[in-house]
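Below: one structure, written as structure tokens.
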Amino acid sequence: MEEAVLAIALVVFFLLLVGLWFFVYQLFRQQARLLLRLDALERHLGHAGSHAPGAAARPPVLQGLPVGTEVPDFRLPDLDGRTVSLADFRGRRVLLIYWNPTCGFCDMIGPDLAVLHKDFERSNVSLVLASHGDADSNRKLAQEHGLQAPILLIDGRTFEAFQNMGTPSAYLLDEQGKVAEPMAVGAEAVPRLARSAAARKGKLKRLPGEKPLSESRIPRGGLPAGTPAPAFTLPDLTGRLASLDQYRGGRVLLVFSDPTCGPCDQLAPKLADLHRRHAGNGFSILMVGRGDAQENRRKATEHGLEFPVVVQDRWKLSKEYGTFATPVAFLIGKDGIIEQNVAEGTEKILALAEKTASEGKESSRGRMV
């Protein structure tokens, strides 16, 4: 009897050991799979440019091709359809700028690049713009600013040297087509690189309207409250001219939009509804679109906009208001002064619009009493 009990106990003990071993084995397998997934995730984040664990302690990686790297040759059509390659400029330094005629900051720095044309020639530098967009829009911008440079059309191609970069961005290449200076990005860095490339005997040319470095920040956060709203007269969607002065004596929400802007599509029908609910409360909405008038007209119909929509030429009016973003809005008071700092994005614009409409409604009730 005792032997039978002992045998049973040994069997139970053995089964317990087997079960424990199986449990530990499964635990290790799960841990291994987890570690492999974490390792793969970390590698993915690293390739994507995100911050993997511990990355904050490492110095940031500079974007762009390193100095001394040879830029891969390319063959792109110019505005007249001729094929141009980087090799065509060998023996000269090249200021290669990533460009877009619909980019507000490209529009802004156009005159600065144009004024350096003769200095580029004297310094054996070729200015070359690798641009998005079509030939007509690029030609129009070049003619307006007097840009005398080859403009090569990317037309949806992936440009390896500027992959994942915005416009404007630029490289200065040496006579062998190698990167001579770190890549410049933005409407402040690109003109600085251009001016440096055009310099002779270490003397930098002063650009028109250039301010000291301490004051050289380009306004891009919108005109602040207390600033007189820049006046304008622009065609509406029917071709009639509309001006900001027509709204003097009432408050107006001036909304900058774009028919290709996703958040603008979310905002527009909500503004249309707000306008219907608060029409006549001493509060008006005026939208400034950009781009093609027909596309703005289609969007206005799609979203049921009953308030006026005018169309600016590229970013000209946006530039006067110190912003190139969409959607943004300025609340302009009865005296033509901007009442609050710029509202950026759908939520902030709607909050400002609702608040202003409610204040107008309360003011109307007070006058009735």
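If you're wondering about the labels, chains in the structure tokens are A, B, ... by order shown, residues count from 1 in each chain, ligands from 1 in order shown.
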Residue neighbourhood Thr356 in chain A, 12 Å, only C-alpha atoms, exclusion window fewer than 6 positions, as a PDB file with N, CA and C atoms, in the first residue's frame:
ATOM      1  N   GLY A 250     -18.520  96.995 -39.307  1.00  0.00           N
ATOM      2  CA  GLY A 250     -18.945  95.714 -38.743  1.00  0.00           C
ATOM      3  C   GLY A 250     -17.733  94.813 -38.535  1.00  0.00           C
ATOM      4  N   ARG A 251     -17.925  93.786 -37.779  1.00  0.00           N
ATOM      5  CA  ARG A 251     -16.830  92.842 -37.547  1.00  0.00           C
ATOM      6  C   ARG A 251     -16.844  91.790 -38.642  1.00  0.00           C
ATOM      7  N   VAL A 252     -15.670  91.409 -39.093  1.00  0.00           N
ATOM      8  CA  VAL A 252     -15.570  90.428 -40.178  1.00  0.00           C
ATOM      9  C   VAL A 252     -14.523  89.385 -39.825  1.00  0.00           C
ATOM     10  N   LEU A 253     -14.877  88.136 -40.064  1.00  0.00           N
ATOM     11  CA  LEU A 253     -13.932  87.036 -39.903  1.00  0.00           C
ATOM     12  C   LEU A 253     -13.341  86.759 -41.278  1.00  0.00           C
ATOM     13  N   LEU A 274     -22.816  78.136 -39.679  1.00  0.00           N
ATOM     14  CA  LEU A 274     -22.746  79.240 -38.722  1.00  0.00           C
ATOM     15  C   LEU A 274     -23.232  80.533 -39.365  1.00  0.00           C
ATOM     16  N   HIS A 275     -22.871  80.753 -40.630  1.00  0.00           N
ATOM     17  CA  HIS A 275     -23.299  81.962 -41.333  1.00  0.00           C
ATOM     18  C   HIS A 275     -24.823  81.999 -41.455  1.00  0.00           C
ATOM     19  N   HIS A 278     -26.367  82.920 -38.008  1.00  0.00           N
ATOM     20  CA  HIS A 278     -26.055  84.210 -37.382  1.00  0.00           C
ATOM     21  C   HIS A 278     -26.033  85.371 -38.363  1.00  0.00           C
ATOM     22  N   ASN A 281     -26.245  89.565 -37.584  1.00  0.00           N
ATOM     23  CA  ASN A 281     -25.872  89.878 -36.203  1.00  0.00           C
ATOM     24  C   ASN A 281     -24.655  90.798 -36.108  1.00  0.00           C
ATOM     25  N   GLY A 282     -24.414  91.558 -37.165  1.00  0.00           N
ATOM     26  CA  GLY A 282     -23.267  92.454 -37.149  1.00  0.00           C
ATOM     27  C   GLY A 282     -21.957  91.718 -37.296  1.00  0.00           C
ATOM     28  N   PHE A 283     -22.012  90.541 -37.868  1.00  0.00           N
ATOM     29  CA  PHE A 283     -20.835  89.687 -38.004  1.00  0.00           C
ATOM     30  C   PHE A 283     -20.856  89.070 -39.390  1.00  0.00           C
ATOM     31  N   SER A 284     -19.773  89.244 -40.139  1.00  0.00           N
ATOM     32  CA  SER A 284     -19.697  88.736 -41.507  1.00  0.00           C
ATOM     33  C   SER A 284     -18.513  87.787 -41.653  1.00  0.00           C
ATOM     34  N   ILE A 285     -18.621  86.898 -42.632  1.00  0.00           N
ATOM     35  CA  ILE A 285     -17.514  86.001 -42.972  1.00  0.00           C
ATOM     36  C   ILE A 285     -17.097  86.306 -44.402  1.00  0.00           C
ATOM     37  N   PHE A 330      -8.530  85.740 -39.324  1.00  0.00           N
ATOM     38  CA  PHE A 330      -8.295  86.966 -38.559  1.00  0.00           C
ATOM     39  C   PHE A 330      -9.652  87.612 -38.269  1.00  0.00           C
ATOM     40  N   LEU A 331      -9.855  88.020 -37.025  1.00  0.00           N
ATOM     41  CA  LEU A 331     -11.057  88.765 -36.669  1.00  0.00           C
ATOM     42  C   LEU A 331     -10.732  90.249 -36.759  1.00  0.00           C
ATOM     43  N   ILE A 332     -11.425  90.935 -37.669  1.00  0.00           N
ATOM     44  CA  ILE A 332     -11.170  92.353 -37.910  1.00  0.00           C
ATOM     45  C   ILE A 332     -12.331  93.170 -37.358  1.00  0.00           C
ATOM     46  N   GLY A 333     -12.006  94.142 -36.531  1.00  0.00           N
ATOM     47  CA  GLY A 333     -13.024  94.938 -35.861  1.00  0.00           C
ATOM     48  C   GLY A 333     -13.663  95.985 -36.757  1.00  0.00           C
ATOM     49  N   GLU A 339      -8.451  92.264 -34.206  1.00  0.00           N
ATOM     50  CA  GLU A 339      -8.812  92.221 -32.789  1.00  0.00           C
ATOM     51  C   GLU A 339      -8.055  91.154 -32.003  1.00  0.00           C
ATOM     52  N   GLN A 340      -7.760  90.020 -32.634  1.00  0.00           N
ATOM     53  CA  GLN A 340      -7.095  88.928 -31.935  1.00  0.00           C
ATOM     54  C   GLN A 340      -5.997  88.352 -32.816  1.00  0.00           C
ATOM     55  N   ILE A 349     -10.621  78.246 -35.378  1.00  0.00           N
ATOM     56  CA  ILE A 349     -11.393  79.169 -36.206  1.00  0.00           C
ATOM     57  C   ILE A 349     -12.877  79.088 -35.849  1.00  0.00           C
ATOM     58  N   LEU A 350     -13.386  77.867 -35.683  1.00  0.00           N
ATOM     59  CA  LEU A 350     -14.795  77.716 -35.324  1.00  0.00           C
ATOM     60  C   LEU A 350     -15.087  78.300 -33.953  1.00  0.00           C
ATOM     61  N   GLU A 362     -25.789  89.028 -28.860  1.00  0.00           N
ATOM     62  CA  GLU A 362     -26.073  89.716 -27.605  1.00  0.00           C
ATOM     63  C   GLU A 362     -26.138  91.218 -27.831  1.00  0.00           C
ATOM     64  N   SER A 363     -25.230  91.728 -28.674  1.00  0.00           N
ATOM     65  CA  SER A 363     -25.225  93.166 -28.947  1.00  0.00           C
ATOM     66  C   SER A 363     -26.512  93.593 -29.643  1.00  0.00           C
TER      67      SER A 363
END
Considering only C-alpha atoms, return as a PDB file with C-alpha atoms, in the first residue's frame whatever protein or nucleic-acid residues lie within 12 Å of Thr260 in chain A, sequence-local ones (same chain, fewer than 6 positions apart) excluded.
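Wrote it out as selection16.pdb, contents follow:
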ATOM      1  CA  THR A 102       2.583  77.340 -55.296  1.00  0.00           C
ATOM      2  CA  GLN A 266     -13.800  70.208 -42.959  1.00  0.00           C
ATOM      3  CA  GLY A 289      -9.239  81.338 -51.579  1.00  0.00           C
ATOM      4  CA  ARG A 290      -6.159  80.777 -53.682  1.00  0.00           C
ATOM      5  CA  GLY A 291      -5.403  78.936 -56.876  1.00  0.00           C
ATOM      6  CA  ASP A 292      -7.891  78.341 -59.671  1.00  0.00           C
ATOM      7  CA  GLU A 295     -11.942  75.063 -58.390  1.00  0.00           C
ATOM      8  CA  ASN A 296     -12.813  77.581 -55.659  1.00  0.00           C
ATOM      9  CA  ARG A 298     -16.767  74.205 -57.259  1.00  0.00           C
ATOM     10  CA  LYS A 299     -15.806  73.947 -53.591  1.00  0.00           C
ATOM     11  CA  THR A 326      -4.496  77.385 -44.446  1.00  0.00           C
ATOM     12  CA  PRO A 327      -6.967  77.443 -42.903  1.00  0.00           C
TER      13      PRO A 327
END
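Using only C-alpha atoms for every distance, the candidate list A:Ser126, A:Gln148, A:Ser169, A:Ser358 yields A:Ser169 as the residue closest to Met183 in chain A.
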Could you give me, as an MDAnalysis selection string, the residues within 6 Å of Val309 in chain A, counting only C-alpha atoms and dropping anything in the same chain fewer than 3 positions from it?
chainID A and resid 236 287:288
Would you save the residues of that selection, restricted to C-alpha atoms, as a PDB file, in the first residue's frame?
ATOM      1  CA  ASP A 236     -15.156  87.158 -56.085  1.00  0.00           C
ATOM      2  CA  MET A 287     -13.196  83.830 -47.334  1.00  0.00           C
ATOM      3  CA  VAL A 288      -9.987  84.295 -49.321  1.00  0.00           C
TER       4      VAL A 288
END
From the DSSP assignment of the backbone, select every residue of range 44-290 of chain A that is alpha helix (DSSP H), and format the answer as number ranges by chain.
A: 44-48, 104-114, 117-122, 135-145, 189-198, 262-278
Using only C-alpha atoms, find each residue of range 87-205 of chain A with at least one atom at most 8 Å away from an atom of range 313-322 of chain A; report its shortest atom-to-atom pair and that distance in Å (one decimal), sort the rows by chain and rising residue number, and return the result as CSV.
residue,atom,partner,partner_atom,distance
A:Thr102,CA,A:Arg314,CA,6.5
A:Gly104,CA,A:Trp315,CA,5.6
A:Asp107,CA,A:Trp315,CA,7.7
A:Met108,CA,A:Lys319,CA,8.0
Using the chain letters and numbers from this document, which residues of range 111-168 of chain A does DSSP assign to strand (DSSP E or B), as a PDB file with C-alpha atoms, in the first residue's frame?
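So out.pdb came out as:
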ATOM      1  CA  VAL A 125      27.667  79.826 -60.159  1.00  0.00           C
ATOM      2  CA  SER A 126      24.668  78.423 -62.015  1.00  0.00           C
ATOM      3  CA  LEU A 127      21.305  78.822 -60.308  1.00  0.00           C
ATOM      4  CA  VAL A 128      19.096  75.818 -61.122  1.00  0.00           C
ATOM      5  CA  LEU A 129      15.527  75.344 -59.872  1.00  0.00           C
ATOM      6  CA  ALA A 130      14.159  71.783 -59.711  1.00  0.00           C
ATOM      7  CA  SER A 131      10.459  72.517 -59.519  1.00  0.00           C
ATOM      8  CA  ILE A 151      13.740  75.707 -64.249  1.00  0.00           C
ATOM      9  CA  LEU A 152      13.563  71.924 -64.508  1.00  0.00           C
ATOM     10  CA  LEU A 153      10.215  70.189 -64.051  1.00  0.00           C
TER      11      LEU A 153
END
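Between CA of Gly156 in chain A and CA of Val185 in chain A the interatomic distance comes to 20.5 Å.
Minimum atom-to-atom distance to Ser257 in chain A, evaluated using only C-alpha atoms, belongs to A:Gln312 out of A:Thr233, A:Asn164, A:Gln312, A:Ser196.
The closest residue to Glu160 in chain A, picked from A:Gly262, A:Gly336, A:Gly64, A:Gly81 and counting only C-alpha atoms, is A:Gly64.
Of the listed residues A:Ala114, A:Leu305, A:Ala197, A:Ala184, the one whose atoms come nearest to Arg93 in chain A is A:Ala197, with distances taken using only C-alpha atoms.
Candidate residues A:Gly110, A:Glu344, A:Pro168, A:Phe159 were compared for distance to Glu144 in chain A, and the nearest is A:Gly110, using only C-alpha atoms.
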With only C-alpha atoms as the atoms that count, which of A:Ala329, A:Ile97, A:Leu113, A:Ile154 lies nearest to Pro77 in chain A?
A:Ile154
Please report the interatomic distance between CA of Thr227 in chain A and CA of Gly186 in chain A in Å with one decimal.
26.0 Å
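Going from CA of Ala180 in chain A to CA of Glu70 in chain A covers 9.6 Å.
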